[in-house]
Amino acid sequence: MPTIWGNCVLRQLGQKTGAVVDDQLSHRLYWLIPVDGAAGWQVPAAHDIEILGDGYQLLVPGTLRDHLLKWLVPPRPYRLLTAPDDLIAAITTALGPRPEVAGC
């Protein structure tokens, strides 16, 4: 999702977040969730949130910080994936149905 919305969602998630990739070239944040974890999600198109599934490839940073691709929240054994229910709840709470009513 765009960084402007992603930062709002990250604040909403707090300690419930898993690893988050920060792609500064595309100005997007990426959460890692279980396969098919977003099945059936209805996200507002106006927020430009993309759900990447089978057939998509996502670059992830290495262990060193890069100026264009980095771990905003680094992966940890206890904090790799974000629970899909927590993520969609944070999206809904933080952003609401339309960008102009986003709560962040």
# chains A, B, ... in the order shown; residues from 1 in each chain; ligands from 1
>>> residues_around(residues="segment 39-53 of chain A", least_positions_apart="4", cutoff="10 Å", atoms="only C-alpha atoms", output="VMD selection string")
chain A and resid 1 to 2 4 to 6 28 to 32 35 57 to 58 84 to 85 88 91 to 92 95 to 100 102
>>> residues_around(residues="Leu69 of chain A", least_positions_apart="4", cutoff="7 Å", atoms="only C-alpha atoms", output="list in words")
Asp22, Asp23, Gln24 and Pro61 of chain A
>>> write_last_selection(atoms="N, CA, C and O atoms", output="PDB file, in the first residue's frame")
ATOM      1  N   ASP A  22       9.747  -1.739   3.260  1.00  0.00           N
ATOM      2  CA  ASP A  22       9.593  -0.348   2.849  1.00  0.00           C
ATOM      3  C   ASP A  22      10.320  -0.167   1.523  1.00  0.00           C
ATOM      4  O   ASP A  22      11.548  -0.166   1.471  1.00  0.00           O
ATOM      5  N   ASP A  23       9.557  -0.043   0.442  1.00  0.00           N
ATOM      6  CA  ASP A  23      10.116   0.186  -0.887  1.00  0.00           C
ATOM      7  C   ASP A  23      10.048   1.680  -1.160  1.00  0.00           C
ATOM      8  O   ASP A  23       9.003   2.208  -1.542  1.00  0.00           O
ATOM      9  N   GLN A  24      11.157   2.364  -0.929  1.00  0.00           N
ATOM     10  CA  GLN A  24      11.167   3.820  -1.056  1.00  0.00           C
ATOM     11  C   GLN A  24      11.166   4.288  -2.506  1.00  0.00           C
ATOM     12  O   GLN A  24      10.839   5.434  -2.769  1.00  0.00           O
ATOM     13  N   PRO A  61      14.342  -6.978   1.235  1.00  0.00           N
ATOM     14  CA  PRO A  61      15.712  -6.554   1.516  1.00  0.00           C
ATOM     15  C   PRO A  61      16.524  -7.670   2.149  1.00  0.00           C
ATOM     16  O   PRO A  61      15.972  -8.607   2.737  1.00  0.00           O
TER      17      PRO A  61
END
>>> residues_around(residues="Lys16 of chain A", least_positions_apart="3", cutoff="9 Å", atoms="only C-alpha atoms", output="PyMOL selection string")
chain A and resi 12-13+79+82-83+86-87
>>> write_last_selection(atoms="N, CA and C atoms", output="JSON list (two decimals), in the first residue's frame")
[["chain", "number", "residue", "atom", "x", "y", "z"],
["A", 12, "GLN", "N", -1.71, 1.80, 13.70],
["A", 12, "GLN", "CA", -2.90, 1.11, 14.21],
["A", 12, "GLN", "C", -2.55, -0.31, 14.67],
["A", 13, "LEU", "N", -1.72, -1.01, 13.91],
["A", 13, "LEU", "CA", -1.34, -2.38, 14.26],
["A", 13, "LEU", "C", -0.48, -2.44, 15.52],
["A", 79, "ARG", "N", 7.90, -12.68, 14.89],
["A", 79, "ARG", "CA", 7.22, -11.57, 14.22],
["A", 79, "ARG", "C", 7.59, -11.54, 12.75],
["A", 82, "THR", "N", 2.09, -11.11, 9.55],
["A", 82, "THR", "CA", 1.03, -10.39, 10.24],
["A", 82, "THR", "C", -0.25, -11.20, 10.10],
["A", 83, "ALA", "N", -0.99, -11.33, 11.17],
["A", 83, "ALA", "CA", -2.27, -12.04, 11.12],
["A", 83, "ALA", "C", -3.21, -11.27, 10.19],
["A", 86, "ASP", "N", -5.92, -9.14, 11.83],
["A", 86, "ASP", "CA", -5.40, -7.91, 12.45],
["A", 86, "ASP", "C", -5.10, -6.85, 11.39],
["A", 87, "LEU", "N", -4.55, -7.28, 10.26],
["A", 87, "LEU", "CA", -4.20, -6.32, 9.21],
["A", 87, "LEU", "C", -5.44, -5.68, 8.59]]
>>> residues_around(residues="Arg76 of chain A", least_positions_apart="4", cutoff="12 Å", atoms="only C-alpha atoms", output="PyMOL selection string")
chain A and resi 17-20+63+71+80-82
>>> select_by_dssp(residues="segment 12-104 of chain A", states="strand (DSSP E or B)", output="NGL selection string")
:A and (20-23 or 28-31 or 69-73 or 76 or 79)
>>> select_by_dssp(residues="chain A", states="helix (DSSP H, G or I)", output="VMD selection string")
chain A and resid 3 to 16 45 to 47 84 to 95 99 to 101
>>> atom_distance(atom1="atom CA of Pro34 of chain A", atom2="atom CA of Val73 of chain A")
16.9 Å
>>> atom_distance(atom1="atom CA of Leu68 of chain A", atom2="atom CA of Val21 of chain A")
10.5 Å
>>> atom_distance(atom1="atom CA of Pro77 of chain A", atom2="atom CA of Thr3 of chain A")
24.9 Å
